[in-house]
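Next comes target_18.pdb, with PDB, C-alpha atoms, pLDDT in the B column.
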```
MODEL        1
ATOM      1  CA  MET A1151     113.717 102.269 127.622  1.00 46.00           C
ATOM      2  CA  VAL A1152     112.838 100.244 124.507  1.00 51.00           C
ATOM      3  CA  GLU A1153     109.126 101.134 124.723  1.00 61.00           C
ATOM      4  CA  LYS A1154     109.898 104.827 124.064  1.00 85.00           C
ATOM      5  CA  LEU A1155     112.640 104.145 121.544  1.00 89.00           C
ATOM      6  CA  LEU A1156     111.609 104.393 117.874  1.00 92.00           C
ATOM      7  CA  GLY A1157     114.944 103.304 116.423  1.00 92.00           C
ATOM      8  CA  LEU A1158     118.538 104.308 115.913  1.00 95.00           C
ATOM      9  CA  LEU A1159     119.723 107.053 113.621  1.00 97.00           C
ATOM     10  CA  LYS A1160     123.200 106.438 112.213  1.00 97.00           C
ATOM     11  CA  VAL A1161     124.686 109.819 111.355  1.00 98.00           C
ATOM     12  CA  LYS A1162     127.798 109.539 109.224  1.00 98.00           C
ATOM     13  CA  VAL A1163     129.782 112.753 109.546  1.00 98.00           C
ATOM     14  CA  VAL A1164     131.367 112.636 106.101  1.00 98.00           C
ATOM     15  CA  ARG A1165     133.441 115.798 105.770  1.00 98.00           C
ATOM     16  CA  GLY A1166     133.803 119.518 106.328  1.00 98.00           C
ATOM     17  CA  ILE A1167     134.220 121.950 103.454  1.00 98.00           C
ATOM     18  CA  ASN A1168     135.987 125.308 103.641  1.00 98.00           C
ATOM     19  CA  LEU A1169     135.777 125.490 107.430  1.00 98.00           C
ATOM     20  CA  ALA A1170     136.866 128.650 109.210  1.00 97.00           C
ATOM     21  CA  VAL A1171     140.516 129.159 110.137  1.00 96.00           C
ATOM     22  CA  ARG A1172     140.855 129.475 113.920  1.00 94.00           C
ATOM     23  CA  ASP A1173     144.588 128.881 114.401  1.00 90.00           C
ATOM     24  CA  LEU A1174     147.501 130.487 112.580  1.00 89.00           C
ATOM     25  CA  LYS A1175     146.850 129.046 109.103  1.00 92.00           C
ATOM     26  CA  SER A1176     144.352 126.256 109.688  1.00 95.00           C
ATOM     27  CA  SER A1177     142.138 124.597 112.312  1.00 96.00           C
ATOM     28  CA  ASP A1178     141.897 121.298 114.184  1.00 97.00           C
ATOM     29  CA  PRO A1179     138.171 120.618 113.725  1.00 98.00           C
ATOM     30  CA  TYR A1180     135.803 118.152 115.339  1.00 98.00           C
ATOM     31  CA  VAL A1181     132.014 117.896 115.328  1.00 98.00           C
ATOM     32  CA  ILE A1182     129.583 117.530 118.223  1.00 98.00           C
ATOM     33  CA  LEU A1183     126.071 116.197 117.522  1.00 98.00           C
ATOM     34  CA  LYS A1184     123.296 116.746 120.058  1.00 98.00           C
ATOM     35  CA  MET A1185     119.743 115.460 120.197  1.00 97.00           C
ATOM     36  CA  GLY A1186     117.837 115.979 123.419  1.00 95.00           C
ATOM     37  CA  LYS A1187     120.196 114.852 126.208  1.00 96.00           C
ATOM     38  CA  GLN A1188     122.454 112.864 123.862  1.00 97.00           C
ATOM     39  CA  LYS A1189     125.814 114.319 122.869  1.00 98.00           C
ATOM     40  CA  LEU A1190     128.293 112.614 120.527  1.00 98.00           C
ATOM     41  CA  LYS A1191     131.665 113.748 119.192  1.00 98.00           C
ATOM     42  CA  THR A1192     133.889 112.915 116.214  1.00 98.00           C
ATOM     43  CA  ARG A1193     137.653 112.644 116.422  1.00 98.00           C
ATOM     44  CA  VAL A1194     139.806 115.739 115.880  1.00 98.00           C
ATOM     45  CA  ILE A1195     141.414 116.152 112.436  1.00 98.00           C
ATOM     46  CA  ASN A1196     144.582 118.210 112.833  1.00 97.00           C
ATOM     47  CA  ARG A1197     145.466 121.179 110.625  1.00 96.00           C
ATOM     48  CA  ASN A1198     142.714 120.797 108.048  1.00 97.00           C
ATOM     49  CA  ILE A1199     139.879 123.113 106.998  1.00 97.00           C
ATOM     50  CA  ASN A1200     138.547 120.432 104.602  1.00 98.00           C
ATOM     51  CA  PRO A1201     138.584 117.440 106.975  1.00 98.00           C
ATOM     52  CA  VAL A1202     137.265 114.000 106.053  1.00 98.00           C
ATOM     53  CA  TRP A1203     135.913 112.217 109.126  1.00 98.00           C
ATOM     54  CA  ASN A1204     133.789 109.437 107.563  1.00 98.00           C
ATOM     55  CA  GLU A1205     132.794 108.713 111.137  1.00 98.00           C
ATOM     56  CA  GLU A1206     129.478 107.155 112.134  1.00 98.00           C
ATOM     57  CA  LEU A1207     127.715 108.372 115.277  1.00 98.00           C
ATOM     58  CA  THR A1208     124.548 106.661 116.525  1.00 98.00           C
ATOM     59  CA  LEU A1209     121.649 108.513 118.150  1.00 97.00           C
ATOM     60  CA  SER A1210     118.709 106.821 119.875  1.00 96.00           C
ATOM     61  CA  VAL A1211     115.502 108.384 118.564  1.00 95.00           C
ATOM     62  CA  GLU A1212     112.556 108.692 120.948  1.00 93.00           C
ATOM     63  CA  ASP A1213     111.083 111.978 119.715  1.00 94.00           C
ATOM     64  CA  PRO A1214     111.609 112.677 115.984  1.00 94.00           C
ATOM     65  CA  SER A1215     110.355 116.253 116.425  1.00 94.00           C
ATOM     66  CA  LEU A1216     113.567 117.162 118.287  1.00 95.00           C
ATOM     67  CA  PRO A1217     116.056 118.873 115.980  1.00 94.00           C
ATOM     68  CA  ILE A1218     119.577 117.506 115.754  1.00 97.00           C
ATOM     69  CA  LYS A1219     122.096 120.200 116.544  1.00 97.00           C
ATOM     70  CA  LEU A1220     125.577 120.112 115.078  1.00 98.00           C
ATOM     71  CA  GLU A1221     128.465 122.231 116.249  1.00 98.00           C
ATOM     72  CA  VAL A1222     132.003 122.410 114.870  1.00 98.00           C
ATOM     73  CA  PHE A1223     134.920 123.290 117.145  1.00 98.00           C
ATOM     74  CA  ASP A1224     138.645 123.886 116.749  1.00 97.00           C
ATOM     75  CA  LYS A1225     140.595 121.832 119.303  1.00 97.00           C
ATOM     76  CA  ASP A1226     143.013 123.974 121.304  1.00 95.00           C
ATOM     77  CA  THR A1227     145.580 122.741 123.791  1.00 91.00           C
ATOM     78  CA  PHE A1228     145.890 125.568 126.307  1.00 93.00           C
ATOM     79  CA  THR A1229     142.695 127.569 125.818  1.00 94.00           C
ATOM     80  CA  PRO A1230     139.001 126.647 125.461  1.00 96.00           C
ATOM     81  CA  ASP A1231     138.168 125.177 122.051  1.00 97.00           C
ATOM     82  CA  ASP A1232     137.082 127.777 119.459  1.00 96.00           C
ATOM     83  CA  ARG A1233     133.625 127.662 117.933  1.00 97.00           C
ATOM     84  CA  MET A1234     133.626 127.168 114.153  1.00 97.00           C
ATOM     85  CA  GLY A1235     129.894 127.422 113.469  1.00 98.00           C
ATOM     86  CA  ASN A1236     126.752 125.401 114.026  1.00 98.00           C
ATOM     87  CA  ALA A1237     123.728 124.054 112.213  1.00 97.00           C
ATOM     88  CA  GLU A1238     120.635 122.068 112.981  1.00 96.00           C
ATOM     89  CA  PHE A1239     118.404 119.797 110.979  1.00 96.00           C
ATOM     90  CA  ASP A1240     114.993 118.239 111.258  1.00 95.00           C
ATOM     91  CA  ILE A1241     114.653 114.471 110.875  1.00 96.00           C
ATOM     92  CA  ARG A1242     110.856 114.521 110.489  1.00 95.00           C
ATOM     93  CA  PRO A1243     110.937 114.276 106.640  1.00 95.00           C
ATOM     94  CA  PHE A1244     113.366 111.358 107.015  1.00 96.00           C
ATOM     95  CA  VAL A1245     111.137 109.623 109.602  1.00 94.00           C
ATOM     96  CA  GLU A1246     108.083 110.167 107.348  1.00 94.00           C
ATOM     97  CA  ALA A1247     109.932 108.307 104.567  1.00 94.00           C
ATOM     98  CA  ILE A1248     110.657 105.409 106.957  1.00 92.00           C
ATOM     99  CA  LYS A1249     106.973 105.277 107.977  1.00 90.00           C
ATOM    100  CA  MET A1250     106.102 104.440 104.360  1.00 90.00           C
ATOM    101  CA  HIS A1251     107.516 100.939 105.033  1.00 84.00           C
ATOM    102  CA  LEU A1252     109.043 100.703 101.599  1.00 84.00           C
ATOM    103  CA  GLU A1253     110.505  97.367 100.623  1.00 84.00           C
ATOM    104  CA  GLY A1254     112.230  95.995  97.557  1.00 84.00           C
ATOM    105  CA  LEU A1255     112.787  99.265  95.759  1.00 89.00           C
ATOM    106  CA  PRO A1256     115.676  99.489  93.300  1.00 91.00           C
ATOM    107  CA  ASN A1257     118.765 101.199  94.711  1.00 93.00           C
ATOM    108  CA  GLY A1258     118.815 104.940  94.250  1.00 94.00           C
ATOM    109  CA  VAL A1259     115.048 105.511  94.044  1.00 94.00           C
ATOM    110  CA  ILE A1260     114.340 108.984  95.448  1.00 95.00           C
ATOM    111  CA  ILE A1261     111.581 108.900  98.058  1.00 95.00           C
ATOM    112  CA  LYS A1262     111.506 112.560  98.992  1.00 95.00           C
ATOM    113  CA  LYS A1263     113.304 115.829  98.260  1.00 96.00           C
ATOM    114  CA  VAL A1264     113.968 118.446 100.958  1.00 95.00           C
ATOM    115  CA  THR A1265     114.714 121.925  99.611  1.00 95.00           C
ATOM    116  CA  PRO A1266     116.834 124.557 101.370  1.00 95.00           C
ATOM    117  CA  SER A1267     114.863 127.255 103.177  1.00 89.00           C
ATOM    118  CA  ARG A1268     115.199 129.814 105.948  1.00 85.00           C
ATOM    119  CA  GLN A1269     113.859 127.143 108.308  1.00 85.00           C
ATOM    120  CA  ASN A1270     116.738 124.737 107.693  1.00 90.00           C
ATOM    121  CA  CYS A1271     120.513 124.881 107.283  1.00 95.00           C
ATOM    122  CA  LEU A1272     120.636 122.980 103.995  1.00 97.00           C
ATOM    123  CA  ALA A1273     123.222 124.290 101.547  1.00 96.00           C
ATOM    124  CA  GLU A1274     121.584 122.408  98.663  1.00 96.00           C
ATOM    125  CA  GLU A1275     118.662 120.089  97.967  1.00 96.00           C
ATOM    126  CA  SER A1276     118.735 116.978 100.108  1.00 97.00           C
ATOM    127  CA  PHE A1277     117.434 113.680  98.813  1.00 96.00           C
ATOM    128  CA  ILE A1278     115.949 110.872 100.870  1.00 97.00           C
ATOM    129  CA  TYR A1279     116.429 107.684  98.879  1.00 96.00           C
ATOM    130  CA  TRP A1280     116.462 103.898  98.991  1.00 94.00           C
ATOM    131  CA  SER A1281     119.862 102.225  99.186  1.00 93.00           C
ATOM    132  CA  GLU A1282     120.534  98.529  99.807  1.00 89.00           C
ATOM    133  CA  GLY A1283     117.436  97.976 101.894  1.00 88.00           C
ATOM    134  CA  ASN A1284     117.722 101.232 103.835  1.00 90.00           C
ATOM    135  CA  VAL A1285     116.214 104.687 103.777  1.00 92.00           C
ATOM    136  CA  VAL A1286     119.176 107.079 103.444  1.00 96.00           C
ATOM    137  CA  GLN A1287     119.487 110.867 103.355  1.00 97.00           C
ATOM    138  CA  ASP A1288     122.489 112.924 102.288  1.00 97.00           C
ATOM    139  CA  LEU A1289     122.723 116.408 103.787  1.00 97.00           C
ATOM    140  CA  ALA A1290     125.046 119.343 103.129  1.00 98.00           C
ATOM    141  CA  LEU A1291     124.612 121.793 105.999  1.00 98.00           C
ATOM    142  CA  ARG A1292     125.728 125.409 105.802  1.00 97.00           C
ATOM    143  CA  LEU A1293     127.219 126.441 109.127  1.00 98.00           C
ATOM    144  CA  ARG A1294     125.745 129.473 110.898  1.00 97.00           C
ATOM    145  CA  ASN A1295     127.459 132.086 113.079  1.00 97.00           C
ATOM    146  CA  VAL A1296     130.726 131.760 111.172  1.00 97.00           C
ATOM    147  CA  GLU A1297     132.333 133.258 108.074  1.00 96.00           C
ATOM    148  CA  SER A1298     132.401 130.017 106.071  1.00 96.00           C
ATOM    149  CA  GLY A1299     131.958 126.282 106.152  1.00 98.00           C
ATOM    150  CA  GLU A1300     129.710 123.342 105.379  1.00 98.00           C
ATOM    151  CA  VAL A1301     129.439 119.859 106.827  1.00 98.00           C
ATOM    152  CA  GLU A1302     128.240 116.850 104.825  1.00 98.00           C
ATOM    153  CA  LEU A1303     126.298 114.121 106.604  1.00 98.00           C
ATOM    154  CA  GLN A1304     124.543 110.915 105.679  1.00 98.00           C
ATOM    155  CA  LEU A1305     121.611 109.584 107.707  1.00 98.00           C
ATOM    156  CA  ARG A1306     120.599 105.934 107.883  1.00 96.00           C
ATOM    157  CA  TRP A1307     117.847 104.406 110.009  1.00 93.00           C
ATOM    158  CA  VAL A1308     118.252 101.224 112.041  1.00 88.00           C
ATOM    159  CA  SER A1309     115.045  99.560 113.227  1.00 85.00           C
ATOM    160  CA  ILE A1310     115.152  97.834 116.580  1.00 83.00           C
ATOM    161  CA  PRO A1311     113.139  94.671 117.324  1.00 79.00           C
ATOM    162  CA  GLY A1312     110.653  95.446 120.089  1.00 76.00           C
ATOM    163  CA  ALA A1313     110.874  99.223 119.642  1.00 76.00           C
ATOM    164  CA  LYS A1314     107.752 101.315 119.238  1.00 78.00           C
ATOM    165  CA  SER A1315     106.796 101.059 115.583  1.00 73.00           C
ATOM    166  CA  LEU A1316     106.835 104.092 113.338  1.00 76.00           C
TER     167      LEU A1316
ENDMDL
END
```
Just give me the structure as structure tokens.
Amino acid sequence: MVEKLLGLLKVKVVRGINLAVRDLKSSDPYVILKMGKQKLKTRVINRNINPVWNEELTLSVEDPSLPIKLEVFDKDTFTPDDRMGNAEFDIRPFVEAIKMHLEGLPNGVIIKKVTPSRQNCLAEESFIYWSEGNVVQDLALRLRNVESGEVELQLRWVSIPGAKSL
């Protein structure tokens, strides 16, 4: 397993902004992240269309060309959960920044800028930067297939001893 593994991607699901209403006046949102066969889920935040999760999910990265898919759902008790939009993002620019093997940079130095385009779900420019010895990326993703909503994420890479080097 370790020989194929490149490292771990810590995805902090920070918050949702102006998510769609799927219940009477609000929603009970949660987020599912998928990469390849991996599937991770945040906790449900009840009755809130601007939820703050601040929850860290960890994906094992073997193939950085696989997109990470994000889906937001409204938790329902008696019926299937309602879809509240989806997005996907590419971690290749992030992995390219890690491959630079940067060390000792001052905090906050911007390594790379990713601009919104039709090919990504970015709501605004996303910066890959150096923070306390780590390569970090903040993302604001505009949800698709829904009337409104964004999800903010933060990516952080964790190298694993013995993993295939980048």
For this structure, which residues satisfy the selection - the PyMOL selection byres ((chain A and resi 1292-1303) around 6) - when it is evaluated on the file as given? I want them as a PyMOL selection string.
chain A and resi 1162-1170+1235-1237+1271-1273+1288-1291+1304
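The nearest approach to Pro1214 (chain A) among the residues A:Val1286, A:Ile1260, A:Ile1248, A:Ile1241, with all atoms listed in the file taken into account, belongs to A:Ile1241.
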Interface rows for region 1215-1289 of chain A against region 1174-1178 of chain A: nearest pair, Å to one decimal, 10 Å, only C-alpha atoms, as JSON lines:
```
{"residue": "A:Val1222", "atom": "CA", "partner": "A:Asp1178", "partner_atom": "CA", "distance": 10.0}
{"residue": "A:Phe1223", "atom": "CA", "partner": "A:Asp1178", "partner_atom": "CA", "distance": 7.8}
{"residue": "A:Asp1224", "atom": "CA", "partner": "A:Asp1178", "partner_atom": "CA", "distance": 4.9}
{"residue": "A:Lys1225", "atom": "CA", "partner": "A:Asp1178", "partner_atom": "CA", "distance": 5.3}
{"residue": "A:Asp1226", "atom": "CA", "partner": "A:Asp1178", "partner_atom": "CA", "distance": 7.7}
{"residue": "A:Asp1231", "atom": "CA", "partner": "A:Asp1178", "partner_atom": "CA", "distance": 9.5}
{"residue": "A:Asp1232", "atom": "CA", "partner": "A:Ser1177", "partner_atom": "CA", "distance": 9.3}
{"residue": "A:Met1234", "atom": "CA", "partner": "A:Ser1177", "partner_atom": "CA", "distance": 9.1}
```
Could you work out how far CA of Thr1208 (chain A) lies from CA of Val1264 (chain A), giving the answer in Å with one decimal?
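We find that CA of Val1264 (chain A) and CA of Thr1208 (chain A) lie 22.2 Å from each other.
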Evaluate the PyMOL selection byres ((chain A and resi 1252) around 10) and report residues as a PyMOL selection string
chain A and resi 1247-1251+1253-1255+1261+1280+1283-1285
Using only C-alpha atoms, list the residues that have an atom at most 12 Å from (122.7, 111.8, 126.3), coordinates as in the file, as an MDAnalysis selection string.
chainID A and resid 1183:1191 1208:1212
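Here, the PyMOL selection byres ((chain A and resi 1263) around 10) matches Pro1243, Phe1244, Ile1260, Ile1261, Lys1262, Val1264, Thr1265, Pro1266, Glu1275, Ser1276, Phe1277, Ile1278, Tyr1279 and Gln1287 of chain A.
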From the list A:Asn1196, A:Ser1215, A:Asn1204, A:Asn1270, which residue is nearest Val1245 (chain A) when using all atoms listed in the file?
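That would be A:Ser1215, the residue with the smallest distance to Val1245 (chain A).
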Option closest in space to Thr1229 (chain A), from A:Leu1316, A:Glu1282, A:Asp1173, A:Leu1156 [counting all atoms listed in the file]:
A:Asp1173
Selected residue, from A:Pro1230, A:Pro1179, A:Pro1256, A:Gly1312, that lies nearest to Asn1200 (chain A) when counting only C-alpha atoms
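Looking at the shortest contact to Asn1200 (chain A), the residue is A:Pro1179.
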Separation of CA of Phe1239 (chain A) from CA of Val1202 (chain A), in Å and rounded to one decimal
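For CA of Phe1239 (chain A) relative to CA of Val1202 (chain A), the distance reads 20.3 Å.
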Mind pulling up the distance from CA of Gly1258 (chain A) to CA of Ala1313 (chain A)?
27.2 Å
Write out as JSON, numbers by chain the residues lying within 6 Å of Val1161 (chain A), counting all atoms listed in the file and excluding same-chain residues fewer than 5 positions away.
{"A": [1206, 1207, 1304, 1305]}
Nearest residue to Ile1195 (chain A) out of A:Leu1220, A:Gln1269, A:Val1181, A:Lys1160, using all atoms listed in the file?
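Checking each candidate against Ile1195 (chain A), we get A:Val1181 as the closest.
The closest residue to Ser1315 (chain A), picked from A:Lys1154, A:Val1259, A:Ile1199, A:Glu1221 and counting all atoms listed in the file, is A:Lys1154.
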